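S.K.: Provided herewith: my_file.pdb, PDB, C-alpha atoms.
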```pdb
ATOM      1  CA  MET A   1      23.742  40.530-140.096
ATOM      2  CA  HIS A   2      24.741  36.912-139.469
ATOM      3  CA  LYS A   3      25.982  34.596-142.185
ATOM      4  CA  LEU A   4      24.811  31.038-142.623
ATOM      5  CA  THR A   5      27.302  28.469-141.382
ATOM      6  CA  LYS A   6      25.869  25.806-143.666
ATOM      7  CA  PRO A   7      23.966  26.069-146.948
ATOM      8  CA  LYS A   8      20.188  26.397-146.942
ATOM      9  CA  LEU A   9      18.417  23.511-148.680
ATOM     10  CA  VAL A  10      15.406  24.605-150.772
ATOM     11  CA  LYS A  11      13.313  23.340-153.678
ATOM     12  CA  ILE A  12      12.973  25.575-156.700
ATOM     13  CA  ARG A  13      10.815  25.569-159.819
ATOM     14  CA  SER A  14       9.629  27.958-162.511
ATOM     15  CA  ALA A  15       6.068  29.265-162.767
ATOM     16  CA  ASN A  16       5.443  27.317-165.958
ATOM     17  CA  GLN A  17       6.729  23.904-164.887
ATOM     18  CA  SER A  18       5.799  21.537-162.081
ATOM     19  CA  GLN A  19       9.280  19.936-161.975
ATOM     20  CA  LYS A  20      11.122  20.804-158.753
ATOM     21  CA  TYR A  21      14.868  20.858-158.127
ATOM     22  CA  GLY A  22      16.806  20.735-154.891
ATOM     23  CA  ILE A  23      19.299  23.580-154.416
ATOM     24  CA  ALA A  24      21.784  24.323-151.607
ATOM     25  CA  ALA A  25      22.854  27.970-151.209
ATOM     26  CA  PHE A  26      24.397  30.207-148.554
ATOM     27  CA  ASN A  27      22.541  33.297-149.743
ATOM     28  CA  LEU A  28      19.856  34.528-152.134
ATOM     29  CA  LYS A  29      22.363  35.606-154.797
ATOM     30  CA  GLU A  30      23.881  32.130-154.903
ATOM     31  CA  LEU A  31      20.394  30.574-154.986
ATOM     32  CA  ILE A  32      19.423  32.669-158.025
ATOM     33  CA  LYS A  33      22.652  31.845-159.836
ATOM     34  CA  LYS A  34      22.351  28.095-159.256
ATOM     35  CA  GLY A  35      18.593  28.068-159.827
ATOM     36  CA  CYS A  36      18.806  29.883-163.157
ATOM     37  CA  HIS A  37      21.524  27.476-164.280
ATOM     38  CA  VAL A  38      19.331  24.473-163.424
ATOM     39  CA  LEU A  39      16.210  25.973-164.996
ATOM     40  CA  LYS A  40      18.229  27.200-167.995
ATOM     41  CA  VAL A  41      16.954  30.773-167.757
ATOM     42  CA  SER A  42      18.655  34.170-167.606
ATOM     43  CA  SER A  43      19.367  35.522-164.119
ATOM     44  CA  SER A  44      18.651  39.098-165.218
ATOM     45  CA  GLY A  45      15.776  40.612-163.222
ATOM     46  CA  ILE A  46      14.964  37.281-161.552
ATOM     47  CA  GLN A  47      12.766  37.423-158.459
ATOM     48  CA  VAL A  48      12.266  34.662-155.887
ATOM     49  CA  CYS A  49       8.953  34.074-154.087
ATOM     50  CA  LEU A  50       7.265  31.459-151.925
ATOM     51  CA  TYR A  51       5.444  28.757-153.862
ATOM     52  CA  GLU A  52       2.645  28.693-151.304
ATOM     53  CA  ASP A  53       1.415  32.285-151.394
ATOM     54  CA  GLY A  54       3.685  34.344-153.655
ATOM     55  CA  THR A  55       5.516  36.243-150.882
ATOM     56  CA  VAL A  56       8.682  37.822-152.298
ATOM     57  CA  VAL A  57      11.854  36.399-150.703
ATOM     58  CA  THR A  58      14.502  38.938-149.625
ATOM     59  CA  GLU A  59      18.036  38.153-148.444
ATOM     60  CA  GLU A  60      16.997  38.393-144.799
ATOM     61  CA  TYR A  61      13.847  36.355-145.422
ATOM     62  CA  PHE A  62      15.944  33.685-147.139
ATOM     63  CA  ARG A  63      18.193  33.231-144.095
ATOM     64  CA  ASN A  64      15.161  32.420-141.933
ATOM     65  CA  LEU A  65      13.518  29.970-144.282
ATOM     66  CA  PRO A  66      13.169  26.390-143.021
ATOM     67  CA  ASP A  67      14.915  23.732-145.082
ATOM     68  CA  ASN A  68      13.011  22.273-148.025
ATOM     69  CA  THR A  69      10.876  25.386-148.500
ATOM     70  CA  GLU A  70       9.421  25.454-152.022
ATOM     71  CA  LEU A  71      10.327  28.549-154.040
ATOM     72  CA  VAL A  72       9.443  29.884-157.483
ATOM     73  CA  LEU A  73      11.922  31.788-159.673
ATOM     74  CA  LEU A  74      10.199  34.477-161.715
ATOM     75  CA  PRO A  75      11.608  36.486-164.623
ATOM     76  CA  GLU A  76      11.069  40.247-164.621
ATOM     77  CA  GLY A  77       7.458  41.247-165.217
ATOM     78  CA  GLN A  78       5.988  37.880-164.227
ATOM     79  CA  SER A  79       3.909  37.398-161.069
ATOM     80  CA  TRP A  80       2.936  34.420-158.944
ATOM     81  CA  ASN A  81      -0.206  34.318-156.810
ATOM     82  CA  GLY A  82       0.580  31.116-155.031
ATOM     83  CA  LEU A  83      -1.606  28.049-155.088
ATOM     84  CA  VAL A  84      -4.350  29.959-156.911
ATOM     85  CA  HIS A  85      -2.210  29.601-160.034
ATOM     86  CA  GLU A  86      -2.058  25.839-159.551
ATOM     87  CA  ILE A  87      -5.791  25.571-158.892
ATOM     88  CA  ASN A  88      -6.528  27.440-162.120
ATOM     89  CA  GLN A  89      -4.256  25.029-163.975
ATOM     90  CA  VAL A  90      -6.048  22.032-162.471
ATOM     91  CA  LEU A  91      -9.549  23.351-163.159
ATOM     92  CA  GLY A  92      -8.663  24.081-166.741
ATOM     93  CA  PHE A  93      -7.872  20.506-167.732
ATOM     94  CA  ASP A  94     -10.615  17.897-167.318
ATOM     95  CA  ARG A  95      -8.373  15.262-168.903
ATOM     96  CA  HIS A  96      -6.270  15.193-165.727
ATOM     97  CA  THR A  97      -9.178  14.069-163.543
ATOM     98  CA  ASP A  98      -8.050  10.436-163.200
ATOM     99  CA  LEU A  99      -4.537  11.561-162.263
ATOM    100  CA  LEU A 100      -5.949  13.986-159.701
ATOM    101  CA  ILE A 101      -8.082  11.271-158.114
ATOM    102  CA  SER A 102      -5.072   8.972-157.877
ATOM    103  CA  ALA A 103      -2.892  11.726-156.396
ATOM    104  CA  ALA A 104      -5.569  12.790-153.896
ATOM    105  CA  LYS A 105      -6.001   9.178-152.748
ATOM    106  CA  ASP A 106      -2.259   8.799-152.222
ATOM    107  CA  LEU A 107      -2.061  12.056-150.258
ATOM    108  CA  LEU A 108      -5.099  11.158-148.165
ATOM    109  CA  SER A 109      -3.633   7.807-147.153
ATOM    110  CA  ASP A 110      -0.615   9.514-145.534
ATOM    111  CA  GLU A 111      -2.203  12.788-144.376
ATOM    112  CA  GLN A 112      -2.655  13.265-140.620
ATOM    113  CA  SER A 113      -3.971  16.846-140.506
ATOM    114  CA  PRO A 114      -7.794  16.795-140.041
ATOM    115  CA  LYS A 115      -8.153  19.996-142.057
ATOM    116  CA  ARG A 116      -6.150  18.669-144.993
ATOM    117  CA  ARG A 117      -7.973  15.322-144.811
ATOM    118  CA  ARG A 118     -11.301  17.152-145.079
ATOM    119  CA  ILE A 119     -10.102  19.207-148.053
ATOM    120  CA  LEU A 120      -8.762  16.130-149.838
ATOM    121  CA  GLY A 121     -11.968  14.238-149.049
ATOM    122  CA  ASP A 122     -14.098  17.016-150.525
ATOM    123  CA  LEU A 123     -11.850  17.128-153.579
ATOM    124  CA  LEU A 124     -12.215  13.385-154.134
ATOM    125  CA  ARG A 125     -15.987  13.550-153.726
ATOM    126  CA  ASN A 126     -16.285  16.241-156.386
ATOM    127  CA  LEU A 127     -13.795  14.602-158.753
ATOM    128  CA  ARG A 128     -15.727  11.333-158.666
ATOM    129  CA  ASP A 129     -18.457  12.950-160.711
ATOM    130  CA  ASN A 130     -20.683  10.621-162.668
ATOM    131  CA  SER A 131     -23.423  13.174-163.258
ATOM    132  CA  GLU A 132     -23.426  12.760-167.031
ATOM    133  CA  VAL A 133     -25.138   9.364-166.719
ATOM    134  CA  GLU A 134     -28.747   8.993-165.666
ATOM    135  CA  SER A 135     -29.880   5.371-165.434
ATOM    136  CA  ARG A 136     -29.515   2.766-162.705
ATOM    137  CA  GLU A 137     -27.631   0.492-165.091
ATOM    138  CA  GLN A 138     -25.060   3.188-165.825
ATOM    139  CA  ASP A 139     -24.373   4.133-162.192
ATOM    140  CA  LYS A 140     -25.383   1.303-159.862
ATOM    141  CA  GLU A 141     -23.390   2.720-156.945
ATOM    142  CA  TRP A 142     -25.455   5.936-156.983
ATOM    143  CA  PHE A 143     -28.663   3.907-156.540
ATOM    144  CA  GLU A 144     -27.366   1.867-153.607
ATOM    145  CA  GLY A 145     -30.104   1.809-150.935
ATOM    146  CA  ILE A 146     -32.769   3.238-153.277
ATOM    147  CA  ASP A 147     -35.949   1.322-154.085
ATOM    148  CA  ALA A 148     -35.719  -0.685-157.312
ATOM    149  CA  ARG A 149     -38.737   1.111-158.811
ATOM    150  CA  PHE A 150     -36.542   4.140-159.499
ATOM    151  CA  LYS A 151     -34.770   3.602-162.812
ATOM    152  CA  THR A 152     -33.278   7.093-163.299
ATOM    153  CA  LYS A 153     -31.616   9.682-161.069
ATOM    154  CA  SER A 154     -34.098  12.364-162.100
ATOM    155  CA  ALA A 155     -37.043  10.160-161.157
ATOM    156  CA  TYR A 156     -35.617   9.601-157.680
ATOM    157  CA  MET A 157     -34.714  13.274-157.161
ATOM    158  CA  LYS A 158     -38.227  14.274-158.208
ATOM    159  CA  TYR A 159     -39.643  11.806-155.663
ATOM    160  CA  ASN A 160     -37.247  13.204-153.046
ATOM    161  CA  CYS A 161     -38.673  16.701-153.526
ATOM    162  CA  GLU A 162     -42.251  15.439-153.638
ATOM    163  CA  SER A 163     -41.674  13.698-150.289
ATOM    164  CA  ARG A 164     -40.534  16.936-148.679
ATOM    165  CA  VAL A 165     -43.563  18.831-149.974
ATOM    166  CA  ARG A 166     -45.921  16.027-148.933
ATOM    167  CA  GLY A 167     -44.412  16.387-145.466
ATOM    168  CA  TYR A 168     -45.395  20.066-145.424
ATOM    169  CA  LEU A 169     -48.960  19.133-146.395
ATOM    170  CA  LYS A 170     -49.034  16.558-143.607
ATOM    171  CA  GLU A 171     -48.110  19.280-141.111
ATOM    172  CA  VAL A 172     -50.859  21.538-142.412
ATOM    173  CA  ASP A 173     -53.384  18.707-142.112
ATOM    174  CA  GLY A 174     -52.118  17.714-138.666
ATOM    175  CA  TYR A 175     -52.853  21.203-137.332
ATOM    176  CA  THR A 176     -56.569  20.427-137.748
ATOM    177  CA  GLN A 177     -56.624  18.562-134.428
ATOM    178  CA  THR A 178     -55.447  21.642-132.515
ATOM    179  CA  ILE A 179     -58.445  23.787-133.577
ATOM    180  CA  PRO A 180     -61.030  23.752-130.743
ATOM    181  CA  ASN A 181     -63.958  25.364-132.537
ATOM    182  CA  ALA A 182     -65.903  22.791-134.562
ATOM    183  CA  LYS A 183     -67.032  25.218-137.279
ATOM    184  CA  THR A 184     -63.546  26.665-137.755
ATOM    185  CA  LYS A 185     -62.123  23.146-137.834
ATOM    186  CA  SER A 186     -64.616  22.147-140.534
ATOM    187  CA  GLU A 187     -63.699  25.137-142.715
ATOM    188  CA  TYR A 188     -59.997  24.492-142.137
ATOM    189  CA  LYS A 189     -60.440  20.922-143.403
ATOM    190  CA  LYS A 190     -62.039  22.277-146.566
ATOM    191  CA  VAL A 191     -59.000  24.512-147.170
ATOM    192  CA  VAL A 192     -56.693  21.528-146.643
ATOM    193  CA  GLU A 193     -58.664  19.598-149.256
ATOM    194  CA  ILE A 194     -58.283  22.457-151.742
ATOM    195  CA  LEU A 195     -54.533  22.671-151.037
ATOM    196  CA  THR A 196     -54.235  18.905-151.537
ATOM    197  CA  GLU A 197     -55.922  19.050-154.936
ATOM    198  CA  LYS A 198     -53.735  21.956-156.038
ATOM    199  CA  LEU A 199     -50.606  20.026-155.003
ATOM    200  CA  LYS A 200     -51.732  16.896-156.803
ATOM    201  CA  ALA A 201     -52.256  18.929-159.965
ATOM    202  CA  ALA A 202     -48.736  20.380-159.570
ATOM    203  CA  ARG A 203     -47.280  16.888-158.940
ATOM    204  CA  TYR A 204     -46.251  18.082-155.480
ATOM    205  CA  ASN A 205     -43.741  20.459-157.105
ATOM    206  CA  GLY A 206     -41.261  17.606-157.493
ATOM    207  CA  THR A 207     -39.909  19.410-160.558
ATOM    208  CA  TYR A 208     -37.752  21.580-158.260
ATOM    209  CA  PHE A 209     -35.170  18.778-157.914
ATOM    210  CA  ASP A 210     -35.641  17.193-161.353
ATOM    211  CA  ARG A 211     -32.863  18.244-163.735
ATOM    212  CA  SER A 212     -34.788  16.875-166.738
ATOM    213  CA  GLU A 213     -37.502  19.510-166.278
ATOM    214  CA  LYS A 214     -37.632  22.927-167.956
ATOM    215  CA  ASP A 215     -35.336  25.608-166.593
ATOM    216  CA  VAL A 216     -38.191  27.633-165.048
ATOM    217  CA  LEU A 217     -39.461  24.593-163.128
ATOM    218  CA  ARG A 218     -36.230  23.358-161.527
ATOM    219  CA  LEU A 219     -33.813  24.679-158.912
ATOM    220  CA  CYS A 220     -30.724  23.130-160.498
ATOM    221  CA  THR A 221     -28.791  23.355-163.738
ATOM    222  CA  GLU A 222     -29.438  20.743-166.400
ATOM    223  CA  GLU A 223     -26.242  19.023-165.195
ATOM    224  CA  GLY A 224     -27.734  18.775-161.692
ATOM    225  CA  TRP A 225     -25.867  21.516-159.782
ATOM    226  CA  PHE A 226     -27.740  23.219-156.938
ATOM    227  CA  SER A 227     -26.586  26.490-155.382
ATOM    228  CA  CYS A 228     -27.480  27.628-151.872
ATOM    229  CA  GLN A 229     -29.825  30.632-152.005
ATOM    230  CA  GLY A 230     -28.639  31.980-148.658
ATOM    231  CA  ALA A 231     -30.328  32.423-145.292
ATOM    232  CA  PHE A 232     -33.924  33.680-145.183
ATOM    233  CA  ASP A 233     -32.780  37.226-144.354
ATOM    234  CA  GLU A 234     -30.001  37.426-146.968
ATOM    235  CA  ASN A 235     -30.110  37.970-150.717
ATOM    236  CA  ASN A 236     -27.584  35.237-151.501
ATOM    237  CA  CYS A 237     -25.177  32.714-150.003
ATOM    238  CA  THR A 238     -21.950  34.448-148.969
ATOM    239  CA  SER A 239     -20.197  31.052-148.694
ATOM    240  CA  LEU A 240     -21.165  30.078-152.266
ATOM    241  CA  HIS A 241     -22.296  26.596-151.199
ATOM    242  CA  SER A 242     -23.063  24.296-154.123
ATOM    243  CA  ILE A 243     -23.616  20.580-154.649
ATOM    244  CA  ASN A 244     -24.473  18.120-157.391
ATOM    245  CA  PRO A 245     -26.414  15.195-155.884
ATOM    246  CA  TYR A 246     -26.507  13.619-159.352
ATOM    247  CA  GLY A 247     -22.716  13.252-159.312
ATOM    248  CA  ASN A 248     -22.177  10.431-156.823
ATOM    249  CA  ARG A 249     -23.819   8.577-153.956
ATOM    250  CA  GLU A 250     -22.091  10.594-151.232
ATOM    251  CA  SER A 251     -23.284  13.892-152.717
ATOM    252  CA  ARG A 252     -26.801  12.495-153.010
ATOM    253  CA  ILE A 253     -26.795  11.620-149.311
ATOM    254  CA  LEU A 254     -25.261  14.974-148.319
ATOM    255  CA  PHE A 255     -27.968  16.781-150.259
ATOM    256  CA  SER A 256     -30.532  15.404-147.814
ATOM    257  CA  THR A 257     -29.097  17.841-145.234
ATOM    258  CA  TRP A 258     -29.974  20.818-147.456
ATOM    259  CA  ASN A 259     -33.295  22.427-146.557
ATOM    260  CA  LEU A 260     -36.198  24.026-148.354
ATOM    261  CA  ASP A 261     -36.556  26.796-145.800
ATOM    262  CA  HIS A 262     -39.810  28.763-145.444
ATOM    263  CA  VAL A 263     -38.940  32.471-145.358
ATOM    264  CA  ILE A 264     -42.254  33.239-143.636
ATOM    265  CA  GLU A 265     -42.248  30.291-141.266
ATOM    266  CA  LYS A 266     -44.615  27.416-141.861
ATOM    267  CA  LYS A 267     -45.221  26.246-138.270
ATOM    268  CA  ARG A 268     -44.816  29.505-136.399
ATOM    269  CA  THR A 269     -46.624  31.799-138.810
ATOM    270  CA  VAL A 270     -48.343  30.545-141.976
ATOM    271  CA  ILE A 271     -50.405  27.661-140.582
ATOM    272  CA  PRO A 272     -51.557  29.545-137.443
ATOM    273  CA  ALA A 273     -52.440  32.561-139.622
ATOM    274  CA  LEU A 274     -54.600  30.348-141.836
ATOM    275  CA  ALA A 275     -56.467  28.916-138.835
ATOM    276  CA  GLU A 276     -56.916  32.374-137.316
ATOM    277  CA  ALA A 277     -58.283  33.752-140.594
ATOM    278  CA  LEU A 278     -61.014  31.091-140.627
ATOM    279  CA  LYS A 279     -62.498  32.166-137.309
ATOM    280  CA  GLY A 280     -65.974  33.372-138.202
ATOM    281  CA  CYS A 281     -65.247  32.916-141.911
ATOM    282  CA  LYS A 282     -65.782  30.300-144.575
ATOM    283  CA  SER A 283     -63.150  28.579-146.646
ATOM    284  CA  GLY A 284     -64.495  30.415-149.676
ATOM    285  CA  ASP A 285     -63.433  33.739-148.123
ATOM    286  CA  ILE A 286     -59.808  32.690-147.899
ATOM    287  CA  ASN A 287     -57.226  33.460-150.588
ATOM    288  CA  VAL A 288     -56.102  29.843-150.794
ATOM    289  CA  ASP A 289     -53.679  30.617-153.617
ATOM    290  CA  TYR A 290     -51.739  32.911-151.302
ATOM    291  CA  PHE A 291     -51.385  30.243-148.618
ATOM    292  CA  TYR A 292     -50.532  27.626-151.236
ATOM    293  CA  LYS A 293     -47.660  29.786-152.457
ATOM    294  CA  LEU A 294     -46.397  30.405-148.919
ATOM    295  CA  LEU A 295     -46.515  26.748-147.956
ATOM    296  CA  PHE A 296     -45.416  24.888-151.077
ATOM    297  CA  THR A 297     -43.718  27.086-153.684
ATOM    298  CA  ARG A 298     -40.478  28.942-154.356
ATOM    299  CA  GLU A 299     -42.294  32.188-153.664
ATOM    300  CA  ASN A 300     -41.652  31.471-149.970
ATOM    301  CA  LEU A 301     -39.110  28.625-150.115
ATOM    302  CA  LYS A 302     -35.324  28.976-150.310
ATOM    303  CA  LEU A 303     -32.988  26.053-150.889
ATOM    304  CA  VAL A 304     -30.236  26.384-148.299
ATOM    305  CA  HIS A 305     -27.141  24.533-147.144
ATOM    306  CA  ILE A 306     -27.544  23.392-143.536
ATOM    307  CA  VAL A 307     -25.040  26.048-142.409
ATOM    308  CA  CYS A 308     -27.264  28.776-143.903
ATOM    309  CA  HIS A 309     -30.444  27.406-142.328
ATOM    310  CA  LYS A 310     -31.130  29.726-139.385
ATOM    311  CA  LYS A 311     -33.221  27.950-136.763
ATOM    312  CA  GLY A 312     -34.287  31.042-134.798
ATOM    313  CA  ALA A 313     -37.615  32.815-135.273
ATOM    314  CA  HIS A 314     -37.806  34.711-138.558
ATOM    315  CA  GLU A 315     -40.152  37.334-137.122
ATOM    316  CA  LEU A 316     -41.992  37.736-140.423
ATOM    317  CA  ARG A 317     -45.765  37.923-140.862
ATOM    318  CA  CYS A 318     -48.226  37.045-143.602
ATOM    319  CA  ASP A 319     -49.464  39.939-145.706
ATOM    320  CA  SER A 320     -52.853  40.844-144.198
ATOM    321  CA  ARG A 321     -53.937  42.287-147.563
ATOM    322  CA  LYS A 322     -53.593  38.882-149.225
ATOM    323  CA  ILE A 323     -55.152  36.573-146.630
ATOM    324  CA  TYR A 324     -58.720  37.012-147.902
ATOM    325  CA  LYS A 325     -60.032  37.069-151.453
ATOM    326  CA  ARG A 326     -61.316  40.559-150.774
ATOM    327  CA  VAL A 327     -60.116  43.047-148.177
ATOM    328  CA  ARG A 328     -62.567  42.768-145.297
ATOM    329  CA  LYS A 329     -64.213  45.880-144.004
ATOM    330  CA  THR A 330     -63.720  46.480-140.311
ATOM    331  CA  VAL A 331     -66.926  46.994-138.327
ATOM    332  CA  LYS A 332     -67.039  50.363-136.564
TER     333      LYS A 332
END
```
Go ahead and render the structure in this file as structure tokens.

M.R.:
Amino acid sequence: MHKLTKPKLVKIRSANQSQKYGIAAFNLKELIKKGCHVLKVSSSGIQVCLYEDGTVVTEEYFRNLPDNTELVLLPEGQSWNGLVHEINQVLGFDRHTDLLISAAKDLLSDEQSPKRRRILGDLLRNLRDNSEVESREQDKEWFEGIDARFKTKSAYMKYNCESRVRGYLKEVDGYTQTIPNAKTKSEYKKVVEILTEKLKAARYNGTYFDRSEKDVLRLCTEEGWFSCQGAFDENNCTSLHSINPYGNRESRILFSTWNLDHVIEKKRTVIPALAEALKGCKSGDINVDYFYKLLFTRENLKLVHIVCHKKGAHELRCDSRKIYKRVRKTVK
């Protein structure tokens, strides 16, 4: 067992204080003695652990520590779970937000690690939360690049959702040109007209993104937080993705990368199934409500973070029992 030829330089602190003190010691025993004197605590039962992750420091471990390692001195019976403790402290005090923003900016200006820069950037984006205000006058930066006719965040977010749903309707209508049979095409057009009227009556389901709507009509909290619902073949999002596009302009723009994903696929499955069902049938035979739900409602739509949006084929089919208003009898 080798002895240190020069003292080890470390930084110590207690679990309840953020103040750090520099200590030089040849061994763990000396570190505890000096540290307890500085912190004005009893050395009885004291344990030393790494600030970063709570690893307990032994004599041998101490000898191999790099200089300026941050350590925590813990009295008997007290534990330290590393940075999780600090995060809990930060999350528990909203009044420190301005200080956190300032500190994160300072750290970001000197940080070279791409990973740490990303983490600090995400932290800053979420700390700059202005979600409590709604109007253009109150948060002009949020509305940068948005048409002047939108006076509130909720109005724009509602329009944003309506635009997505209108896009789905446009795809359904566009499929008309691919139907070769004139009679089937004519009946398909009639179904599209019915779907259009139903969507108009439902205001294109823009309520999904509108935080001012009733709880049962929106996908977000009344503060504006959206949570990823997970990939089409999963019950929830294992990564716990969440975002509040009402909070700041950057979050609003990032939210545009989130998708309303059709569980039973719109292009590959639902639209072709509708056209196929109309072969030899009239629009009045079709269960339009079923197709409306599959194409435009939460019954078949999941809000997902781009990472959870699986692009491959879903391999799911429409329910043959629901395609027609009545179950058709097969001709023997």

S.K.: Which residues match the PyMOL selection byres ((chain A and resi 271) around 10) in the file above, as a short mmCIF file (atom, residue, chain, number, x, y, z; two decimals) with C-alpha atoms, in the frame of the given file?

M.R.:
```cif
data_model
loop_
_atom_site.label_atom_id
_atom_site.label_comp_id
_atom_site.auth_asym_id
_atom_site.auth_seq_id
_atom_site.Cartn_x
_atom_site.Cartn_y
_atom_site.Cartn_z
CA GLU A 171 -48.11 19.28 -141.11
CA VAL A 172 -50.86 21.54 -142.41
CA ASP A 173 -53.38 18.71 -142.11
CA TYR A 175 -52.85 21.20 -137.33
CA THR A 176 -56.57 20.43 -137.75
CA GLU A 265 -42.25 30.29 -141.27
CA LYS A 266 -44.62 27.42 -141.86
CA LYS A 267 -45.22 26.25 -138.27
CA ARG A 268 -44.82 29.50 -136.40
CA THR A 269 -46.62 31.80 -138.81
CA VAL A 270 -48.34 30.54 -141.98
CA PRO A 272 -51.56 29.54 -137.44
CA ALA A 273 -52.44 32.56 -139.62
CA LEU A 274 -54.60 30.35 -141.84
CA ALA A 275 -56.47 28.92 -138.84
CA GLU A 276 -56.92 32.37 -137.32
CA ALA A 277 -58.28 33.75 -140.59
CA PHE A 291 -51.38 30.24 -148.62
CA LEU A 294 -46.40 30.40 -148.92
CA LEU A 295 -46.52 26.75 -147.96
#
```

S.K.: Any idea what's packed within 9 Å of Leu50 in chain A, counting all atoms listed in the file, ignoring anything in its chain fewer than 3 positions away? Could you give it as a PDB file with C-alpha atoms, in the coordinates of the input?

M.R.:
```pdb
ATOM      1  CA  ASP A  53       1.415  32.285-151.394  1.00  0.00           C
ATOM      2  CA  GLY A  54       3.685  34.344-153.655  1.00  0.00           C
ATOM      3  CA  THR A  55       5.516  36.243-150.882  1.00  0.00           C
ATOM      4  CA  VAL A  56       8.682  37.822-152.298  1.00  0.00           C
ATOM      5  CA  VAL A  57      11.854  36.399-150.703  1.00  0.00           C
ATOM      6  CA  THR A  69      10.876  25.386-148.500  1.00  0.00           C
ATOM      7  CA  GLU A  70       9.421  25.454-152.022  1.00  0.00           C
ATOM      8  CA  LEU A  71      10.327  28.549-154.040  1.00  0.00           C
ATOM      9  CA  VAL A  72       9.443  29.884-157.483  1.00  0.00           C
ATOM     10  CA  TRP A  80       2.936  34.420-158.944  1.00  0.00           C
ATOM     11  CA  GLY A  82       0.580  31.116-155.031  1.00  0.00           C
TER      12      GLY A  82
END
```

S.K.: Run the PyMOL selection byres ((chain A and resi 184) around 10) on the file and write out the hits as a compact mmCIF listing (two decimals) with C-alpha atoms, in the frame of the given file.

M.R.:
```
# COMPACT_ATOMS: atom_id res chain seq x y z
CA THR A 176 -56.57 20.43 -137.75
CA ILE A 179 -58.44 23.79 -133.58
CA PRO A 180 -61.03 23.75 -130.74
CA ASN A 181 -63.96 25.36 -132.54
CA ALA A 182 -65.90 22.79 -134.56
CA LYS A 183 -67.03 25.22 -137.28
CA LYS A 185 -62.12 23.15 -137.83
CA SER A 186 -64.62 22.15 -140.53
CA GLU A 187 -63.70 25.14 -142.72
CA TYR A 188 -60.00 24.49 -142.14
CA LYS A 189 -60.44 20.92 -143.40
CA LYS A 190 -62.04 22.28 -146.57
CA ALA A 275 -56.47 28.92 -138.84
CA GLU A 276 -56.92 32.37 -137.32
CA ALA A 277 -58.28 33.75 -140.59
CA LEU A 278 -61.01 31.09 -140.63
CA LYS A 279 -62.50 32.17 -137.31
CA GLY A 280 -65.97 33.37 -138.20
CA CYS A 281 -65.25 32.92 -141.91
CA LYS A 282 -65.78 30.30 -144.57
CA SER A 283 -63.15 28.58 -146.65
```

S.K.: Skipping near chain neighbours, those fewer than 3 positions away, what residues fall within 12 Å of range 74-77 of chain A using only C-alpha atoms, listed as a PyMOL selection string?

M.R.: chain A and resi 12-17+32+35-36+39-51+54-57+71+80-81

S.K.: Could you tell me which of A:Glu141, A:Arg249, A:His309, A:Val192 comes closest to Gly174 in chain A if we count only C-alpha atoms?

M.R.: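 Comparing A:Glu141, A:Arg249, A:His309, A:Val192 against Gly174 in chain A, the winner is A:Val192.
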
S.K.: For CA of Asp147 in chain A and CA of Tyr246 in chain A, determine how far apart the two atoms are, in Å to one decimal place.

M.R.: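 So the two atoms, CA of Asp147 in chain A and CA of Tyr246 in chain A, lie 16.4 Å apart.
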
S.K.: Find the distance between CA of Glu315 in chain A and CA of Ala231 in chain A and write it in Å to one decimal.

M.R.: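 Rounded to one decimal, the two atoms are 13.7 Å apart.
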
S.K.: With a distance cut-off of 8 Å and all atoms listed in the file, select the neighbouring residues of range 233-241 of chain A, excluding the residue or stretch itself and same-chain residues fewer than 2 positions from it, and output the selection as an mmCIF file with C-alpha atoms, in the frame of the given file.

M.R.:
```
data_model
loop_
_atom_site.group_PDB
_atom_site.id
_atom_site.type_symbol
_atom_site.label_atom_id
_atom_site.label_comp_id
_atom_site.auth_asym_id
_atom_site.auth_seq_id
_atom_site.Cartn_x
_atom_site.Cartn_y
_atom_site.Cartn_z
ATOM 1 C CA SER A 227 -26.586 26.490 -155.382
ATOM 2 C CA CYS A 228 -27.480 27.628 -151.872
ATOM 3 C CA GLN A 229 -29.825 30.632 -152.005
ATOM 4 C CA GLY A 230 -28.639 31.980 -148.658
ATOM 5 C CA ALA A 231 -30.328 32.423 -145.292
ATOM 6 C CA ILE A 243 -23.616 20.580 -154.649
ATOM 7 C CA VAL A 263 -38.940 32.471 -145.358
ATOM 8 C CA HIS A 305 -27.141 24.533 -147.144
ATOM 9 C CA CYS A 308 -27.264 28.776 -143.903
#
```

S.K.: I would like the residues chosen by the PyMOL selection byres ((chain A and resi 205) around 9) on the shown file; could you give them as a PyMOL selection string?

M.R.: chain A and resi 158+161-162+165+199-200+202-204+206-209+217+296-297

S.K.: Between CA of Leu303 in chain A and CA of Leu260 in chain A, what distance in Å does the model show, to one decimal?

M.R.: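 Going from CA of Leu303 in chain A over to CA of Leu260 in chain A, I get 4.6 Å.
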
S.K.: Let me have the centre and edge lengths in Å, one decimal, of the box along x, y and z around every listed atom of range 313-323 of chain A with 8 Å of margin on each side, as JSON.

M.R.:
```
{"center_x": -46.4, "center_y": 37.6, "center_z": -142.2, "size_x": 33.5, "size_y": 25.5, "size_z": 30.0}
```

S.K.: So that I can check the surroundings of Ile146 in chain A, please list as a ChimeraX atom specification every protein, DNA and RNA residue that reaches within 12 Å of it, counting only C-alpha atoms and ignoring chain neighbours fewer than 2 positions away.

M.R.: /A:136,140-144,148-153,155-157,159-160,249,252-253

S.K.: For Val307 in chain A, work out the shell of residues within 9 Å, counting all atoms listed in the file and skipping chain neighbours fewer than 3 positions away, then give it as a list of chain:residue names.

M.R.: A:Ala231, A:Trp258, A:Val304, A:Lys310
